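Enquirer: The structure that follows is given in the form of structure tokens.
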Protein chains: 2
Amino acid sequence: MVATLGTRARILDVASRLMMRQGYEGTAIKQIATEAQVALSSVYHFFPGGKQGLATEAVRHADEHFAQMLQDALASKDDPAEAVVALAWVVAEYLRDSDWQDGCPITATALETVGRIPEIQQAVEVAFERWRGLVADKLRRSGFAEADAQELAHTVINTLEGAELSAQVSRTPEPMEIAGRHLARLINSYR
Amino acid sequence: MVATLGTRARILDVASRLMMRQGYEGTAIKQIATEAQVALSSVYHFFPGGKQGLATEAVRHADEHFAQMLQDALASKDDPAEAVVALAWVVAEYLRDSDWQDGCPITATALETVGRIPEIQQAVEVAFERWRGLVADKLRRSGFAEADAQELAHTVINTLEGAELSAQVSRTPEPMEIAGRHLARLINSYR
């Protein structure tokens, strides 16, 4: 049973990484099987929905992984503005550790399936909502009004998404550092 | 000569759209030729560098197109904060006009080639720099200090990038509308 769970998780890790780096369309199930070192039939055993089902699960897998990182970073500081600066820093470290190759694990898949594959698009939407929810919670607990917390959560996640891509392309942490600073300033302008 | 230029531009339009919707890896030169209604040999005639050279030119093509949209939107209002709100609105309209299928034309290609294909990555970097340069110019002309103008330009472009993806996934203009409002607030906090 442990081995079985291990195989499924390994397939998801590989699928998530490949789709992040080469997109949904550019990733074949066969390559996922090869890199996860499992038989093709094993991939279909765990993911009877084929590539589409596997991509949906890979988005959920990446969603949970990023949600954990987000939660930990936000919990590291009491003040929400300082917590967002810490979050930007944690993400920048993660980007740099991958030599700027790994960014948001769901963006490429999201872009390539939007308006085309509702199942995947919905998993992406759930992920974005969860991430925004964590940021909004932090702001709410610090006394921000409901509407402000929700709107700020949108901009925190969206700005970090854009800054990640920019950091990857320029291979510097600067866009993330600027994003953290500006988001803190924006948050502080509400109190 | 006119026909020749027309063919090249058509190939670039098709390549740009396909790579935006299905990524760099997922787009074959053959499909580009088919959809542009030209012979495969014609694609290689105009783009002897093959897919890599074509993608680089497609990024430059999209860069110029977006730079024009950006410039027009920024010029539509004297006040830089109002201009950024107008820009967010123009982008939201563009997204909605495509039924939320078309977003930033270079993001998917950027994500899939970062750290792997320097020629394309450099064209993406040049595009981001140009877009930031247009925003920074607008701020500078409105009396913003050089360092503030440059940093704000980063966040304007990055926030809009992230909000675009979010708007596409949720199929609503709300993320763009919030982004415009927050960016205006951030800009106004500097004066």
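Convention: chains lettered A, B, ... in structure tokens order; per-chain residue numbering from 1; ligands numbered from 1 as shown.
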Need the shell around Thr109 in chain B: protein/DNA/RNA residues with any atom at most 8 Å away, counting only C-alpha atoms. Skip same-chain ones fewer than 6 positions apart. Format as number ranges by chain?

Expert: B: 19-20, 23-24, 55

Enquirer: May I have the selected residues written with N, CA, C and O atoms, as an mmCIF file, in the first residue's frame?

Expert:
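Written out: selection.cif:
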```
data_model
loop_
_atom_site.group_PDB
_atom_site.id
_atom_site.type_symbol
_atom_site.label_atom_id
_atom_site.label_comp_id
_atom_site.auth_asym_id
_atom_site.auth_seq_id
_atom_site.Cartn_x
_atom_site.Cartn_y
_atom_site.Cartn_z
ATOM 1 N N MET B 19 0.991 29.476 -30.112
ATOM 2 C CA MET B 19 1.877 29.320 -28.950
ATOM 3 C C MET B 19 1.250 29.902 -27.688
ATOM 4 O O MET B 19 1.476 29.399 -26.597
ATOM 5 N N MET B 20 0.451 30.940 -27.861
ATOM 6 C CA MET B 20 -0.266 31.499 -26.701
ATOM 7 C C MET B 20 -1.271 30.487 -26.154
ATOM 8 O O MET B 20 -1.410 30.311 -24.953
ATOM 9 N N GLY B 23 1.039 26.620 -26.121
ATOM 10 C CA GLY B 23 2.435 26.575 -25.686
ATOM 11 C C GLY B 23 3.430 26.371 -26.819
ATOM 12 O O GLY B 23 3.055 26.067 -27.948
ATOM 13 N N TYR B 24 4.696 26.549 -26.469
ATOM 14 C CA TYR B 24 5.778 26.406 -27.456
ATOM 15 C C TYR B 24 5.967 24.941 -27.825
ATOM 16 O O TYR B 24 5.993 24.589 -29.001
ATOM 17 N N ALA B 55 9.652 31.259 -33.129
ATOM 18 C CA ALA B 55 9.093 31.633 -31.821
ATOM 19 C C ALA B 55 9.699 32.944 -31.340
ATOM 20 O O ALA B 55 9.009 33.788 -30.761
#
```

Enquirer: Name the residues in contact with range 159-175 of chain A at a cut-off of 9 Å, using only C-alpha atoms, excluding same-chain residues fewer than 2 positions from it; report them as a PyMOL selection string.

Expert: (chain A and resi 88-89+91-93+95-96+99-104+107+154-157+177-180+183) or (chain B and resi 107+110-111+114-115+121-122+124-125+128+151+154-163+165+179)

Enquirer: Residues at most 7 Å from Ala184 in chain B, counting only C-alpha atoms, excluding those fewer than 3 positions away in the same chain, as a list of chain:residue names?

Expert: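 Surrounding residues, per the criterion: B:Ala81, B:Glu82, B:Val84, B:Val85, B:Gly180, B:Arg181, B:Ile187, B:Asn188.
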
Enquirer: For Glu57 in chain A, work out the shell of residues within 10 Å, counting only C-alpha atoms and skipping chain neighbours fewer than 2 positions away, then give it as a compact mmCIF listing (two decimals) with all heavy atoms, in the first residue's frame.

Expert:
```txt
# COMPACT_ATOMS: atom_id res chain seq x y z
N LEU A 12 2.51 11.99 -10.08
CA LEU A 12 2.00 13.36 -9.99
C LEU A 12 3.13 14.39 -9.93
O LEU A 12 3.04 15.45 -10.54
CB LEU A 12 1.08 13.52 -8.77
CG LEU A 12 -0.31 12.91 -8.91
CD1 LEU A 12 -1.07 13.02 -7.60
CD2 LEU A 12 -1.09 13.59 -10.04
N ALA A 15 4.55 14.59 -13.47
CA ALA A 15 3.60 15.25 -14.37
C ALA A 15 3.57 16.75 -14.10
O ALA A 15 3.59 17.58 -15.02
CB ALA A 15 2.21 14.66 -14.19
N SER A 16 3.55 17.10 -12.82
CA SER A 16 3.49 18.50 -12.42
C SER A 16 4.72 19.25 -12.90
O SER A 16 4.62 20.34 -13.48
CB SER A 16 3.38 18.53 -10.89
OG SER A 16 3.11 19.81 -10.45
N PHE A 47 -4.55 6.71 -13.18
CA PHE A 47 -5.27 7.84 -13.79
C PHE A 47 -6.05 7.38 -15.01
O PHE A 47 -5.65 7.63 -16.15
CB PHE A 47 -4.28 8.97 -14.13
CG PHE A 47 -3.50 9.42 -12.94
CD1 PHE A 47 -2.22 8.93 -12.69
CD2 PHE A 47 -4.06 10.30 -12.01
CE1 PHE A 47 -1.51 9.31 -11.56
CE2 PHE A 47 -3.36 10.69 -10.87
CZ PHE A 47 -2.09 10.19 -10.64
N LYS A 51 -4.49 11.68 -19.86
CA LYS A 51 -3.72 12.91 -19.64
C LYS A 51 -4.55 14.01 -18.99
O LYS A 51 -4.07 14.71 -18.10
CB LYS A 51 -3.15 13.41 -20.97
CG LYS A 51 -2.20 14.57 -20.80
CD LYS A 51 -1.32 14.74 -22.02
CE LYS A 51 -1.44 16.13 -22.59
NZ LYS A 51 -0.53 16.34 -23.73
N GLN A 52 -5.81 14.11 -19.41
CA GLN A 52 -6.67 15.16 -18.87
C GLN A 52 -6.89 14.97 -17.36
O GLN A 52 -6.77 15.91 -16.58
CB GLN A 52 -7.99 15.13 -19.62
CG GLN A 52 -8.82 16.35 -19.43
CD GLN A 52 -9.95 16.41 -20.46
OE1 GLN A 52 -9.72 16.23 -21.66
NE2 GLN A 52 -11.17 16.61 -20.00
N GLY A 53 -7.21 13.73 -16.99
CA GLY A 53 -7.44 13.43 -15.58
C GLY A 53 -6.15 13.58 -14.77
O GLY A 53 -6.16 14.09 -13.64
N LEU A 54 -5.07 13.15 -15.38
CA LEU A 54 -3.77 13.26 -14.70
C LEU A 54 -3.39 14.72 -14.50
O LEU A 54 -2.93 15.12 -13.40
CB LEU A 54 -2.70 12.52 -15.53
CG LEU A 54 -1.24 12.62 -15.09
CD1 LEU A 54 -1.05 12.29 -13.63
CD2 LEU A 54 -0.38 11.67 -15.94
N ALA A 55 -3.62 15.55 -15.52
CA ALA A 55 -3.30 16.98 -15.40
C ALA A 55 -4.15 17.64 -14.32
O ALA A 55 -3.67 18.49 -13.56
CB ALA A 55 -3.49 17.69 -16.74
N VAL A 59 -2.65 19.43 -11.04
CA VAL A 59 -2.96 20.80 -10.60
C VAL A 59 -3.34 20.78 -9.12
O VAL A 59 -2.87 21.60 -8.33
CB VAL A 59 -4.10 21.42 -11.46
CG1 VAL A 59 -4.65 22.69 -10.81
CG2 VAL A 59 -3.60 21.73 -12.87
N ARG A 60 -4.17 19.80 -8.72
CA ARG A 60 -4.58 19.71 -7.30
C ARG A 60 -3.38 19.44 -6.39
O ARG A 60 -3.27 19.98 -5.29
CB ARG A 60 -5.62 18.58 -7.13
CG ARG A 60 -6.95 18.95 -7.77
CD ARG A 60 -8.03 17.91 -7.48
NE ARG A 60 -9.24 18.24 -8.22
CZ ARG A 60 -9.95 17.38 -8.96
NH1 ARG A 60 -9.58 16.11 -9.03
NH2 ARG A 60 -11.01 17.79 -9.60
N HIS A 61 -2.50 18.58 -6.87
CA HIS A 61 -1.29 18.23 -6.15
C HIS A 61 -0.42 19.48 -5.94
O HIS A 61 0.04 19.77 -4.83
CB HIS A 61 -0.55 17.19 -7.01
CG HIS A 61 0.71 16.63 -6.45
ND1 HIS A 61 0.74 15.74 -5.41
CD2 HIS A 61 2.01 16.81 -6.83
CE1 HIS A 61 2.00 15.41 -5.16
NE2 HIS A 61 2.78 16.04 -6.00
N ALA A 62 -0.23 20.24 -7.00
CA ALA A 62 0.58 21.47 -6.94
C ALA A 62 -0.13 22.51 -6.08
O ALA A 62 0.52 23.27 -5.34
CB ALA A 62 0.82 22.01 -8.34
N ASP A 63 -1.44 22.56 -6.18
CA ASP A 63 -2.25 23.48 -5.37
C ASP A 63 -1.97 23.25 -3.89
O ASP A 63 -1.64 24.18 -3.15
CB ASP A 63 -3.73 23.22 -5.72
CG ASP A 63 -4.71 23.88 -4.74
OD1 ASP A 63 -4.29 24.64 -3.87
OD2 ASP A 63 -5.93 23.60 -4.87
N ILE A 120 -9.92 20.85 -16.06
CA ILE A 120 -8.64 21.40 -15.61
C ILE A 120 -8.81 22.86 -15.19
O ILE A 120 -8.30 23.28 -14.14
CB ILE A 120 -7.56 21.28 -16.72
CG1 ILE A 120 -7.33 19.80 -17.06
CG2 ILE A 120 -6.25 21.94 -16.27
CD1 ILE A 120 -6.37 19.55 -18.21
N ALA A 123 -10.09 23.07 -11.75
CA ALA A 123 -9.07 22.77 -10.71
C ALA A 123 -8.15 23.97 -10.51
O ALA A 123 -7.74 24.28 -9.38
CB ALA A 123 -8.26 21.54 -11.12
```

Enquirer: Just asking: which residues within range 10-137 of chain A are alpha helix (DSSP H) according to DSSP, as JSON, numbers by chain?

Expert: {"A": [10, 11, 12, 13, 14, 15, 16, 17, 18, 19, 20, 21, 22, 29, 30, 31, 32, 33, 34, 35, 36, 40, 41, 42, 43, 44, 45, 46, 50, 51, 52, 53, 54, 55, 56, 57, 58, 59, 60, 61, 62, 63, 64, 65, 66, 67, 68, 69, 70, 71, 72, 73, 74, 75, 80, 81, 82, 83, 84, 85, 86, 87, 88, 89, 90, 91, 92, 93, 94, 95, 96, 97, 107, 108, 109, 110, 111, 112, 113, 118, 119, 120, 121, 122, 123, 124, 125, 126, 127, 128, 129, 130, 131, 132, 133, 134, 135, 136, 137]}

Enquirer: Could you check which of B:Ser42, B:Gln22, B:Thr7, B:Thr34 is closest to chain A, using only C-alpha atoms?

Expert: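 That would be B:Gln22, the residue with the smallest distance to chain A.
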
Enquirer: Taking only C-alpha atoms into account, which of A:His45, A:Arg130, A:Arg191, A:Arg185 comes nearest chain B?

Expert: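 Smallest distance to chain B is found for A:Arg185.
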
Enquirer: Quick one: of B:Met176, B:Ala9, B:Ile29, B:Ala75, who's nearest to chain A, counting only C-alpha atoms?

Expert: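 Among the listed residues, B:Met176 lies closest to chain A.
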
Enquirer: Kindly give the distance, in Å, that separates CA of Ile106 in chain A and CA of Glu112 in chain B, rounded to a single decimal.

Expert: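 Taking CA of Ile106 in chain A as the start and CA of Glu112 in chain B as the end point, the length is 12.2 Å.
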
Enquirer: Would you kindly return, as a count of residues only, each protein, DNA or RNA residue with an atom no farther than 12 Å from any atom of Phe144 in chain A, considering only C-alpha atoms and excluding same-chain residues fewer than 3 positions away?

Expert: 22
